[in-house]
Amino acid sequence: MSQAWLLLAGLFLPLFPLSMVFNDLFNRIGNGKLRIVLLMVWPQIGVAIVHAAGIDVPGWIMVWALLTALLYGFRSLVLREVSLWVSFVATSAWAVLWLVMTADVAWSELFYYALGFSVPLALLIVLSGELETRFGAAYTGLYNGIAETLPRLSGVLVIAVLAVVATPVFPGFSVMMAAILHASAQSLVTALLLLLVWLVWGWTGARLLHGLIIGDSKHTTVSDLGSGRAWSYGALLVVMAVIGMNMIGGLA
Amino acid sequence: MGQLIVLLPALPLLTGLMIHLLAGQLGRRAARISVSMAVVAFVVAVALLAYMLSNDASYQVSAGGSWGILLADPLSSLMAVLISGISLIVRIYSVRYMVEERGYGRFFMLLDLMTASLLVMVAAGDLITLLIAWHMVGVLLYFLLGFDTRSATASRYAFWTLITYRIGDLALVLAAALLFHAFGTWSLPEIFAQISANPGAHQYFGIALEEVVGYLLAIAAFARSAQFLLHTWLPYTMDGPSPVSALMHAGIVNAGGFLVNRFAPVFVNTDGVLHLLFVVGLITAIIGSVLMLTQNDIKKALGYSTMGQMGFMIMECGVGAFSLAIYHLIAHGLFKGTLFLSAGSVINEARQHDGVPKQDLYTFVVERKTLKRQQPWLVMAAITLAVPIVILFLAHWMVAQDFYQKQGAIVLLFFGWITGAQLLFATYRMGAQNAWRLVGMVIFSFAIIVLGYTVISHAFDLFLYPDEAFRRQIYAAAGIDVFWFDLLVVLTTAIIVAGWVLTYYSEQNRLWRKDQLNHLWLGFYALVSREFYLTDLYAWMTRALLQAAARLNVMLRWR
């Protein structure tokens, strides 16, 4: 029975090849709001299943989860469509939660950890919507140089991507630190695999930004974010940073 | 005084945030605010250093939790003066230099945040704060180097820097995790106290924890200080603004030397880590210097020069001369910052008129002509070999008579001798009209440099590591078996002297003009001019990885 629950949990805290279900579903849903709901709810269901079913997470699942995280992080390197990139990075990030789950972490914290990964990704979906409104698509390499023409939007986009790739002091950083603390106690290979995942996130994040904000822009007619929206996105990022700092305190 | 260490990073952090939030209203005044606050930060740093010099009392300020601890000690106060000083100069320079650039306010905001991160990094009293600051320096440098968002080249090379730094960051993350596991605290002073009280008490999969952590810290230092194999980003980041190059070469790349000094209590309890630092530093110093000589772009040559200097700094750490590495990074920071800030003027001057004086140095270096009238070579050879030895021995005799018992000191003496001899050797080949005057000047300058270097580094030693037993421990950790050490010294001396003799012999007999040797020489030059094909190799690996990722996506139908 617990095997069945484990499989079900592997669907929501994606483990390859079960992860293909989430990615397929995410890309079939064209609606941005539904995508945001999916990003927020999907991993929470996974955590809840593991918690409710009282699954004793086996050690081997850590390697499986890490390989899934690495696979999706690696594959996201060449993606140009922002929403597809978000779904791959989400898969990669949520797989890391398996590591934290095998550690001695309170269940209530696990829900926050999942949110820590989901919120910045959801914000990216919102921002990709802003890009689609202006250019018809959120696609890297299609209309370079938005830093020139849309400074507010690109500023928020840059910080959101930094939050997604677990830059200090955003919540992702705390989750990764908690995972490293646990993985390094298990084995050196696990720890190195996790560090590799983190390295790939940095690479993929930089590639996404390069494809969107760098270059000479020819689109001079598009309008930037209004100051109200820019402030609200900024405020959300500040709140995330504050929560992240609070989560770092919990690492002790 | 307790608040000074908090005030230091808080000042640039505040101005950075203020410039960001009020960019629209501030306009060009952003620079004035940034510079004014930088002046205050520099004064605060000097006051902190003065306090440290007059009171032998380190202290720490905590935000109240397990992290957010700032440590005021000799190392952090010294580094704070360097960072705040250089960043002040860079900001004053940037006020006019960047005035026509778009994103003027953004530039000063990034400079302020970078300064704040660097100051937190050197004052971090716990692993988490250190990790955050260490990580943020890499991220902010990425944005500073790619400041011109229209330039895809600048962005590409900024990315090279970011990814190399990430490799180092992650090694540091793992080191921090292992230390936390073993000692149950993030606090650096507590961890160091436990290590000193009970060295070798913890193991990691059968290896002493200090050893594993030492290697990880070494990787972090190598990535940050552009050591061989992790160096390719450094010479290519010249598309960034000149003030950023100055700040990077003067105050960021030398963080490797800082890291080794900060974790000195870990390194003194390791076996082979310091030897690795020595070898990697030596290789980097040689390769950096060789590559520098083949560059025709002044900024790229300066980049490789920094690589060589960083190699030398890491090598100094490897022989146990930790405080000398700090002196080296300060001295290098000051002269390299000056060179970068004046590089633009030099290029501009050279474009307008070829004002190179036709003197001995010009004819020797540029026209490769030596005068026919030369001094007796035997006398010059004797001076070449003997004078550096006399100066070096005199310098160290004045500082500490037991210096020769330390292998590290002997290695540095040896390098000083080679450098001095090489300098005099080149002077002899120059064949100046007034050779004795020139040689006299060279010897005088050499003596001043060596004496200054020795006395100052000794003063640094006393300030940074007042505990004599600890100083001895550092040198002991860097030492190797006396037999092997002596053998290495003899072998290296033999190789170098043989090299000199061979060079002399081949030049006398014009051997280089013979086809076979000429071909060999050209082959070597091609290898060096392509930077040992490392950049090509990394580019090829990157392309291969991206192609593999694309193939996987097709295979798995983007799911």
# chains A, B, ... in the order shown; residues from 1 in each chain; ligands from 1
>>> closest_atom_pairs(of="chain B", to="chain A", cutoff="9 Å", atoms="only C-alpha atoms", output="Markdown table")
| residue | atom | partner | partner_atom | distance |
| --- | --- | --- | --- | --- |
| B:Gly65 | CA | A:Gly249 | CA | 6.6 |
| B:Ser66 | CA | A:Gly249 | CA | 6.4 |
| B:Trp67 | CA | A:Gly249 | CA | 6.9 |
| B:Arg102 | CA | A:Glu148 | CA | 8.9 |
| B:Ile128 | CA | A:Ile248 | CA | 8.2 |
| B:Leu131 | CA | A:Pro168 | CA | 8.5 |
| B:Ile132 | CA | A:Pro168 | CA | 5.7 |
| B:Ala133 | CA | A:Pro168 | CA | 8.6 |
| B:His135 | CA | A:Pro168 | CA | 7.4 |
| B:Met136 | CA | A:Pro168 | CA | 7.3 |
| B:Val139 | CA | A:Thr167 | CA | 8.6 |
| B:Gly146 | CA | A:Ile214 | CA | 8.7 |
| B:Asp148 | CA | A:Ile214 | CA | 8.5 |
| B:Thr149 | CA | A:Ile214 | CA | 4.9 |
| B:Arg150 | CA | A:Gly215 | CA | 4.1 |
| B:Ser151 | CA | A:Gly215 | CA | 5.8 |
| B:Ala152 | CA | A:Gly215 | CA | 5.7 |
| B:Ser155 | CA | A:His210 | CA | 7.1 |
| B:Arg156 | CA | A:His210 | CA | 8.1 |
| B:Phe159 | CA | A:Ala206 | CA | 7.0 |
| B:Leu162 | CA | A:Gly202 | CA | 8.3 |
| B:Ile163 | CA | A:Trp203 | CA | 6.7 |
| B:Arg166 | CA | A:Leu199 | CA | 6.4 |
| B:Ile167 | CA | A:Leu199 | CA | 7.1 |
| B:Leu170 | CA | A:Leu195 | CA | 6.2 |
| B:Ala171 | CA | A:Leu195 | CA | 8.3 |
| B:Val173 | CA | A:Met177 | CA | 7.9 |
| B:Leu174 | CA | A:Ile180 | CA | 7.2 |
| B:Ala176 | CA | A:Leu181 | CA | 8.9 |
| B:Ala177 | CA | A:Leu181 | CA | 5.3 |
| B:Leu178 | CA | A:Ser184 | CA | 6.9 |
| B:Phe180 | CA | A:Leu181 | CA | 8.1 |
| B:His181 | CA | A:Leu181 | CA | 7.4 |
| B:Gly184 | CA | A:Ala252 | CA | 8.0 |
| B:Thr185 | CA | A:Ala252 | CA | 7.2 |
| B:Trp186 | CA | A:Ala252 | CA | 7.6 |
| B:Tyr204 | CA | A:Ala185 | CA | 8.9 |
| B:Phe205 | CA | A:Ser187 | CA | 8.3 |
| B:Leu545 | CA | A:Phe74 | CA | 8.7 |
| B:Leu546 | CA | A:Val78 | CA | 6.4 |
| B:Gln547 | CA | A:Val78 | CA | 8.3 |
| B:Ala548 | CA | A:Arg75 | CA | 8.6 |
| B:Ala549 | CA | A:Arg75 | CA | 4.9 |
| B:Ala550 | CA | A:Val78 | CA | 6.1 |
| B:Leu552 | CA | A:Arg75 | CA | 6.9 |
| B:Asn553 | CA | A:Arg75 | CA | 6.3 |
| B:Leu556 | CA | A:Met20 | CA | 8.7 |
| B:Trp558 | CA | A:Asn23 | CA | 8.1 |
| B:Arg559 | CA | A:Met20 | CA | 4.9 |
>>> residues_around(residues="Ile243 (chain A)", least_positions_apart="5", cutoff="12 Å", atoms="only C-alpha atoms", output="list in words")
Tyr112, Tyr113, Leu115, Gly116, Val119, Ala163, Pro168, Val169, Phe170, Pro171, Gly172, Phe173, Ser174, Val175, Leu236, Leu237, Val238, Ile248, Gly249 and Gly250 of chain A
>>> residues_around(residues="region 269-272 of chain B", least_positions_apart="6", cutoff="10 Å", atoms="only C-alpha atoms", output="list in words")
Ile195, Ser196, Pro199, Gly200, Ala208, Leu209, Glu210, Glu211, Val212, Val213, Gly214, Tyr215, Gly318, Gln473, Ile474, Ala476, Ala477, Ala478, Gly479 and Ile480 of chain B
>>> residues_around(residues="region 24-39 of chain B", least_positions_apart="5", cutoff="12 Å", atoms="only C-alpha atoms", output="JSON list (two decimals) with N, CA and C atoms, in the first residue's frame")
[["chain", "number", "residue", "atom", "x", "y", "z"],
["A", 152, "ARG", "N", 11.65, 48.61, -15.84],
["A", 152, "ARG", "CA", 10.95, 48.13, -14.62],
["A", 152, "ARG", "C", 10.66, 46.64, -14.72],
["A", 227, "SER", "N", 3.99, 52.01, -12.51],
["A", 227, "SER", "CA", 4.73, 52.03, -11.23],
["A", 227, "SER", "C", 4.00, 51.24, -10.15],
["B", 7, "LEU", "N", 28.12, 49.66, 11.07],
["B", 7, "LEU", "CA", 27.95, 50.87, 10.28],
["B", 7, "LEU", "C", 28.62, 50.72, 8.91],
["B", 8, "LEU", "N", 29.75, 50.05, 8.91],
["B", 8, "LEU", "CA", 30.55, 49.93, 7.67],
["B", 8, "LEU", "C", 29.75, 49.39, 6.48],
["B", 9, "PRO", "N", 29.18, 48.20, 6.56],
["B", 9, "PRO", "CA", 28.40, 47.73, 5.41],
["B", 9, "PRO", "C", 27.03, 48.39, 5.31],
["B", 10, "ALA", "N", 26.54, 48.88, 6.46],
["B", 10, "ALA", "CA", 25.19, 49.48, 6.44],
["B", 10, "ALA", "C", 25.14, 50.74, 5.60],
["B", 11, "LEU", "N", 26.23, 51.51, 5.61],
["B", 11, "LEU", "CA", 26.25, 52.77, 4.87],
["B", 11, "LEU", "C", 26.08, 52.56, 3.36],
["B", 12, "PRO", "N", 26.94, 51.76, 2.72],
["B", 12, "PRO", "CA", 26.74, 51.56, 1.28],
["B", 12, "PRO", "C", 25.44, 50.83, 0.96],
["B", 13, "LEU", "N", 25.00, 49.96, 1.87],
["B", 13, "LEU", "CA", 23.74, 49.25, 1.64],
["B", 13, "LEU", "C", 22.58, 50.24, 1.59],
["B", 14, "LEU", "N", 22.60, 51.19, 2.54],
["B", 14, "LEU", "CA", 21.54, 52.20, 2.59],
["B", 14, "LEU", "C", 21.54, 53.06, 1.33],
["B", 15, "THR", "N", 22.73, 53.53, 0.94],
["B", 15, "THR", "CA", 22.78, 54.40, -0.26],
["B", 15, "THR", "C", 22.36, 53.62, -1.50],
["B", 16, "GLY", "N", 22.77, 52.35, -1.56],
["B", 16, "GLY", "CA", 22.39, 51.52, -2.70],
["B", 16, "GLY", "C", 20.88, 51.41, -2.82],
["B", 17, "LEU", "N", 20.24, 51.13, -1.70],
["B", 17, "LEU", "CA", 18.78, 51.00, -1.71],
["B", 17, "LEU", "C", 18.10, 52.34, -2.01],
["B", 18, "MET", "N", 18.69, 53.39, -1.44],
["B", 18, "MET", "CA", 18.11, 54.73, -1.64],
["B", 18, "MET", "C", 18.19, 55.12, -3.12],
["B", 19, "ILE", "N", 19.34, 54.86, -3.72],
["B", 19, "ILE", "CA", 19.50, 55.21, -5.15],
["B", 19, "ILE", "C", 18.52, 54.40, -5.99],
["B", 44, "VAL", "N", 35.18, 55.54, 8.60],
["B", 44, "VAL", "CA", 34.79, 54.55, 9.62],
["B", 44, "VAL", "C", 35.76, 53.37, 9.61],
["B", 45, "ALA", "N", 36.13, 52.92, 8.40],
["B", 45, "ALA", "CA", 37.05, 51.78, 8.30],
["B", 45, "ALA", "C", 38.41, 52.12, 8.89],
["B", 46, "VAL", "N", 38.88, 53.33, 8.61],
["B", 46, "VAL", "CA", 40.19, 53.76, 9.15],
["B", 46, "VAL", "C", 40.10, 53.83, 10.67],
["B", 80, "ALA", "N", 38.74, 45.86, 5.42],
["B", 80, "ALA", "CA", 37.70, 46.90, 5.28],
["B", 80, "ALA", "C", 38.31, 48.20, 4.78],
["B", 81, "VAL", "N", 39.50, 48.53, 5.27],
["B", 81, "VAL", "CA", 40.16, 49.77, 4.81],
["B", 81, "VAL", "C", 40.48, 49.65, 3.32],
["B", 83, "ILE", "N", 39.00, 47.70, 1.02],
["B", 83, "ILE", "CA", 37.78, 47.68, 0.20],
["B", 83, "ILE", "C", 37.14, 49.06, 0.14],
["B", 84, "SER", "N", 36.98, 49.67, 1.31],
["B", 84, "SER", "CA", 36.31, 50.98, 1.31],
["B", 84, "SER", "C", 37.18, 52.02, 0.59],
["B", 85, "GLY", "N", 38.50, 51.91, 0.72],
["B", 85, "GLY", "CA", 39.39, 52.85, 0.04],
["B", 85, "GLY", "C", 39.30, 52.71, -1.47],
["B", 86, "ILE", "N", 39.43, 51.47, -1.95],
["B", 86, "ILE", "CA", 39.40, 51.26, -3.40],
["B", 86, "ILE", "C", 38.02, 51.60, -3.97],
["B", 87, "SER", "N", 36.98, 51.22, -3.24],
["B", 87, "SER", "CA", 35.65, 51.51, -3.79],
["B", 87, "SER", "C", 35.38, 53.02, -3.78],
["B", 88, "LEU", "N", 35.98, 53.74, -2.84],
["B", 88, "LEU", "CA", 35.84, 55.21, -2.86],
["B", 88, "LEU", "C", 36.51, 55.79, -4.11],
["B", 89, "ILE", "N", 37.74, 55.33, -4.37],
["B", 89, "ILE", "CA", 38.47, 55.84, -5.54],
["B", 89, "ILE", "C", 37.70, 55.51, -6.83],
["B", 90, "VAL", "N", 37.21, 54.27, -6.89],
["B", 90, "VAL", "CA", 36.47, 53.83, -8.08],
["B", 90, "VAL", "C", 35.23, 54.69, -8.28],
["B", 91, "ARG", "N", 34.55, 55.01, -7.20],
["B", 91, "ARG", "CA", 33.34, 55.81, -7.32],
["B", 91, "ARG", "C", 33.65, 57.25, -7.76],
["B", 92, "ILE", "N", 34.72, 57.81, -7.17],
["B", 92, "ILE", "CA", 35.09, 59.18, -7.58],
["B", 92, "ILE", "C", 35.43, 59.19, -9.08],
["B", 93, "TYR", "N", 36.16, 58.18, -9.50],
["B", 93, "TYR", "CA", 36.55, 58.07, -10.91],
["B", 93, "TYR", "C", 35.30, 57.92, -11.80],
["B", 94, "SER", "N", 34.34, 57.14, -11.31],
["B", 94, "SER", "CA", 33.16, 56.84, -12.13],
["B", 94, "SER", "C", 32.23, 58.04, -12.31],
["B", 95, "VAL", "N", 32.32, 59.01, -11.40],
["B", 95, "VAL", "CA", 31.40, 60.16, -11.47],
["B", 95, "VAL", "C", 31.45, 60.78, -12.86],
["B", 96, "ARG", "N", 32.66, 60.98, -13.39],
["B", 96, "ARG", "CA", 32.77, 61.57, -14.73],
["B", 96, "ARG", "C", 32.86, 60.49, -15.81],
["B", 97, "TYR", "N", 33.54, 59.40, -15.48],
["B", 97, "TYR", "CA", 33.77, 58.36, -16.50],
["B", 97, "TYR", "C", 32.46, 57.77, -17.02],
["B", 98, "MET", "N", 31.49, 57.61, -16.13],
["B", 98, "MET", "CA", 30.24, 56.93, -16.52],
["B", 98, "MET", "C", 29.12, 57.91, -16.88],
["B", 99, "VAL", "N", 29.45, 59.20, -16.86],
["B", 99, "VAL", "CA", 28.38, 60.20, -16.95],
["B", 99, "VAL", "C", 27.55, 60.09, -18.24],
["B", 100, "GLU", "N", 28.15, 59.62, -19.31],
["B", 100, "GLU", "CA", 27.39, 59.53, -20.56],
["B", 100, "GLU", "C", 26.72, 58.17, -20.76],
["B", 101, "GLU", "N", 26.93, 57.29, -19.81],
["B", 101, "GLU", "CA", 26.35, 55.94, -19.95],
["B", 101, "GLU", "C", 24.89, 55.95, -19.50],
["B", 102, "ARG", "N", 24.12, 55.09, -20.14],
["B", 102, "ARG", "CA", 22.74, 54.91, -19.66],
["B", 102, "ARG", "C", 22.79, 54.11, -18.37],
["B", 103, "GLY", "N", 21.84, 54.35, -17.51],
["B", 103, "GLY", "CA", 21.80, 53.60, -16.25],
["B", 103, "GLY", "C", 22.85, 54.07, -15.27],
["B", 104, "TYR", "N", 23.09, 55.40, -15.27],
["B", 104, "TYR", "CA", 24.10, 56.00, -14.37],
["B", 104, "TYR", "C", 23.78, 55.67, -12.92],
["B", 105, "GLY", "N", 22.52, 55.89, -12.52],
["B", 105, "GLY", "CA", 22.12, 55.61, -11.14],
["B", 105, "GLY", "C", 22.25, 54.13, -10.81],
["B", 106, "ARG", "N", 21.86, 53.29, -11.77],
["B", 106, "ARG", "CA", 21.93, 51.83, -11.56],
["B", 106, "ARG", "C", 23.37, 51.40, -11.30],
["B", 107, "PHE", "N", 24.30, 52.04, -12.02],
["B", 107, "PHE", "CA", 25.71, 51.70, -11.84],
["B", 107, "PHE", "C", 26.15, 51.97, -10.40],
["B", 108, "PHE", "N", 25.79, 53.15, -9.89],
["B", 108, "PHE", "CA", 26.20, 53.49, -8.52],
["B", 108, "PHE", "C", 25.48, 52.62, -7.49],
["B", 109, "MET", "N", 24.24, 52.26, -7.80],
["B", 109, "MET", "CA", 23.52, 51.37, -6.90],
["B", 109, "MET", "C", 24.26, 50.03, -6.81],
["B", 110, "LEU", "N", 24.65, 49.51, -7.98],
["B", 110, "LEU", "CA", 25.35, 48.22, -7.99],
["B", 110, "LEU", "C", 26.70, 48.32, -7.28],
["B", 111, "LEU", "N", 27.40, 49.44, -7.50],
["B", 111, "LEU", "CA", 28.69, 49.63, -6.82],
["B", 111, "LEU", "C", 28.51, 49.65, -5.31],
["B", 112, "ASP", "N", 27.47, 50.35, -4.86],
["B", 112, "ASP", "CA", 27.22, 50.44, -3.42],
["B", 112, "ASP", "C", 26.88, 49.07, -2.83],
["B", 113, "LEU", "N", 26.03, 48.32, -3.55],
["B", 113, "LEU", "CA", 25.66, 46.99, -3.04],
["B", 113, "LEU", "C", 26.88, 46.06, -3.04],
["B", 115, "THR", "N", 30.01, 46.99, -2.66],
["B", 115, "THR", "CA", 30.87, 47.38, -1.53],
["B", 115, "THR", "C", 30.31, 46.82, -0.23],
["B", 116, "ALA", "N", 28.99, 46.93, -0.07],
["B", 116, "ALA", "CA", 28.36, 46.41, 1.15],
["B", 116, "ALA", "C", 28.60, 44.90, 1.27]]
>>> closest_residue(among="B:Trp500, B:Phe470, B:Phe263, B:Phe335", to="Cys317 (chain B)", atoms="only C-alpha atoms")
B:Phe263
>>> atom_distance(atom1="CA of Phe340 (chain B)", atom2="CA of Ala301 (chain B)")
10.8 Å
>>> residues_around(residues="Val528 (chain B)", least_positions_apart="3", cutoff="12 Å", atoms="only C-alpha atoms", output="PyMOL selection string")
chain B and resi 286-295+521-525+531-535
>>> atom_distance(atom1="CA of Leu339 (chain B)", atom2="CA of Leu75 (chain B)")
25.7 Å
>>> atom_distance(atom1="CA of Leu172 (chain B)", atom2="CA of Phe460 (chain B)")
26.3 Å
>>> select_by_dssp(residues="region 56-123 of chain A", states="helix (DSSP H, G or I)", output="JSON, numbers by chain")
{"A": [60, 61, 62, 63, 64, 65, 66, 67, 68, 69, 70, 71, 72, 73, 74, 75, 76, 77, 78, 82, 83, 84, 85, 86, 87, 88, 89, 90, 91, 92, 93, 94, 95, 96, 97, 98, 99, 100, 101, 107, 108, 109, 110, 111, 112, 113, 114, 115, 116, 117, 118, 119, 120, 121, 122, 123]}
>>> decode(residues="region 9-33 of chain A", atoms="N, CA and C atoms", output="PDB file, in the first residue's frame")
ATOM      1  N   ALA A   9       2.746  10.087  -4.548  1.00  0.00           N
ATOM      2  CA  ALA A   9       3.527  11.248  -4.091  1.00  0.00           C
ATOM      3  C   ALA A   9       4.557  11.630  -5.160  1.00  0.00           C
ATOM      4  N   GLY A  10       5.107  10.616  -5.841  1.00  0.00           N
ATOM      5  CA  GLY A  10       6.086  10.847  -6.902  1.00  0.00           C
ATOM      6  C   GLY A  10       5.504  11.569  -8.104  1.00  0.00           C
ATOM      7  N   LEU A  11       4.197  11.571  -8.172  1.00  0.00           N
ATOM      8  CA  LEU A  11       3.518  12.304  -9.244  1.00  0.00           C
ATOM      9  C   LEU A  11       3.471  13.796  -8.910  1.00  0.00           C
ATOM     10  N   PHE A  12       3.259  14.077  -7.616  1.00  0.00           N
ATOM     11  CA  PHE A  12       3.095  15.474  -7.201  1.00  0.00           C
ATOM     12  C   PHE A  12       4.403  16.133  -6.762  1.00  0.00           C
ATOM     13  N   LEU A  13       5.291  15.325  -6.217  1.00  0.00           N
ATOM     14  CA  LEU A  13       6.661  15.821  -5.997  1.00  0.00           C
ATOM     15  C   LEU A  13       7.444  15.086  -7.079  1.00  0.00           C
ATOM     16  N   PRO A  14       7.488  15.664  -8.274  1.00  0.00           N
ATOM     17  CA  PRO A  14       7.759  14.894  -9.485  1.00  0.00           C
ATOM     18  C   PRO A  14       9.058  14.092  -9.480  1.00  0.00           C
ATOM     19  N   LEU A  15       8.895  12.814  -9.793  1.00  0.00           N
ATOM     20  CA  LEU A  15      10.041  11.939 -10.005  1.00  0.00           C
ATOM     21  C   LEU A  15       9.925  11.427 -11.434  1.00  0.00           C
ATOM     22  N   PHE A  16      11.017  11.501 -12.192  1.00  0.00           N
ATOM     23  CA  PHE A  16      10.979  11.049 -13.576  1.00  0.00           C
ATOM     24  C   PHE A  16      10.721   9.539 -13.623  1.00  0.00           C
ATOM     25  N   PRO A  17       9.865   9.019 -14.459  1.00  0.00           N
ATOM     26  CA  PRO A  17       9.120   9.640 -15.561  1.00  0.00           C
ATOM     27  C   PRO A  17       7.737  10.164 -15.159  1.00  0.00           C
ATOM     28  N   LEU A  18       7.368  10.003 -13.859  1.00  0.00           N
ATOM     29  CA  LEU A  18       6.045  10.497 -13.444  1.00  0.00           C
ATOM     30  C   LEU A  18       5.950  12.012 -13.632  1.00  0.00           C
ATOM     31  N   SER A  19       7.085  12.645 -13.609  1.00  0.00           N
ATOM     32  CA  SER A  19       7.146  14.100 -13.758  1.00  0.00           C
ATOM     33  C   SER A  19       6.571  14.565 -15.097  1.00  0.00           C
ATOM     34  N   MET A  20       6.552  13.660 -16.066  1.00  0.00           N
ATOM     35  CA  MET A  20       6.056  14.047 -17.393  1.00  0.00           C
ATOM     36  C   MET A  20       4.566  14.409 -17.338  1.00  0.00           C
ATOM     37  N   VAL A  21       3.888  13.839 -16.364  1.00  0.00           N
ATOM     38  CA  VAL A  21       2.447  14.132 -16.224  1.00  0.00           C
ATOM     39  C   VAL A  21       2.248  15.608 -15.893  1.00  0.00           C
ATOM     40  N   PHE A  22       2.997  16.081 -14.897  1.00  0.00           N
ATOM     41  CA  PHE A  22       2.866  17.487 -14.502  1.00  0.00           C
ATOM     42  C   PHE A  22       3.220  18.403 -15.672  1.00  0.00           C
ATOM     43  N   ASN A  23       4.325  18.120 -16.327  1.00  0.00           N
ATOM     44  CA  ASN A  23       4.765  19.008 -17.407  1.00  0.00           C
ATOM     45  C   ASN A  23       3.775  19.022 -18.571  1.00  0.00           C
ATOM     46  N   ASP A  24       3.212  17.848 -18.842  1.00  0.00           N
ATOM     47  CA  ASP A  24       2.227  17.771 -19.921  1.00  0.00           C
ATOM     48  C   ASP A  24       0.987  18.596 -19.552  1.00  0.00           C
ATOM     49  N   LEU A  25       0.541  18.394 -18.320  1.00  0.00           N
ATOM     50  CA  LEU A  25      -0.647  19.099 -17.847  1.00  0.00           C
ATOM     51  C   LEU A  25      -0.417  20.614 -17.847  1.00  0.00           C
ATOM     52  N   PHE A  26       0.723  21.012 -17.330  1.00  0.00           N
ATOM     53  CA  PHE A  26       1.057  22.434 -17.217  1.00  0.00           C
ATOM     54  C   PHE A  26       1.058  23.099 -18.593  1.00  0.00           C
ATOM     55  N   ASN A  27       1.578  22.386 -19.558  1.00  0.00           N
ATOM     56  CA  ASN A  27       1.672  22.993 -20.881  1.00  0.00           C
ATOM     57  C   ASN A  27       0.364  22.924 -21.666  1.00  0.00           C
ATOM     58  N   ARG A  28      -0.507  22.011 -21.260  1.00  0.00           N
ATOM     59  CA  ARG A  28      -1.816  21.958 -21.911  1.00  0.00           C
ATOM     60  C   ARG A  28      -2.702  23.113 -21.430  1.00  0.00           C
ATOM     61  N   ILE A  29      -2.496  23.494 -20.162  1.00  0.00           N
ATOM     62  CA  ILE A  29      -3.281  24.609 -19.614  1.00  0.00           C
ATOM     63  C   ILE A  29      -2.701  25.905 -20.164  1.00  0.00           C
ATOM     64  N   GLY A  30      -3.477  26.596 -20.924  1.00  0.00           N
ATOM     65  CA  GLY A  30      -2.952  27.839 -21.483  1.00  0.00           C
ATOM     66  C   GLY A  30      -3.167  29.026 -20.556  1.00  0.00           C
ATOM     67  N   ASN A  31      -4.109  28.870 -19.630  1.00  0.00           N
ATOM     68  CA  ASN A  31      -4.491  29.983 -18.765  1.00  0.00           C
ATOM     69  C   ASN A  31      -3.435  30.236 -17.676  1.00  0.00           C
ATOM     70  N   GLY A  32      -2.985  31.487 -17.604  1.00  0.00           N
ATOM     71  CA  GLY A  32      -1.942  31.847 -16.648  1.00  0.00           C
ATOM     72  C   GLY A  32      -2.360  31.647 -15.203  1.00  0.00           C
ATOM     73  N   LYS A  33      -3.633  32.018 -14.898  1.00  0.00           N
ATOM     74  CA  LYS A  33      -4.085  31.911 -13.503  1.00  0.00           C
ATOM     75  C   LYS A  33      -4.131  30.453 -13.056  1.00  0.00           C
TER      76      LYS A  33
END
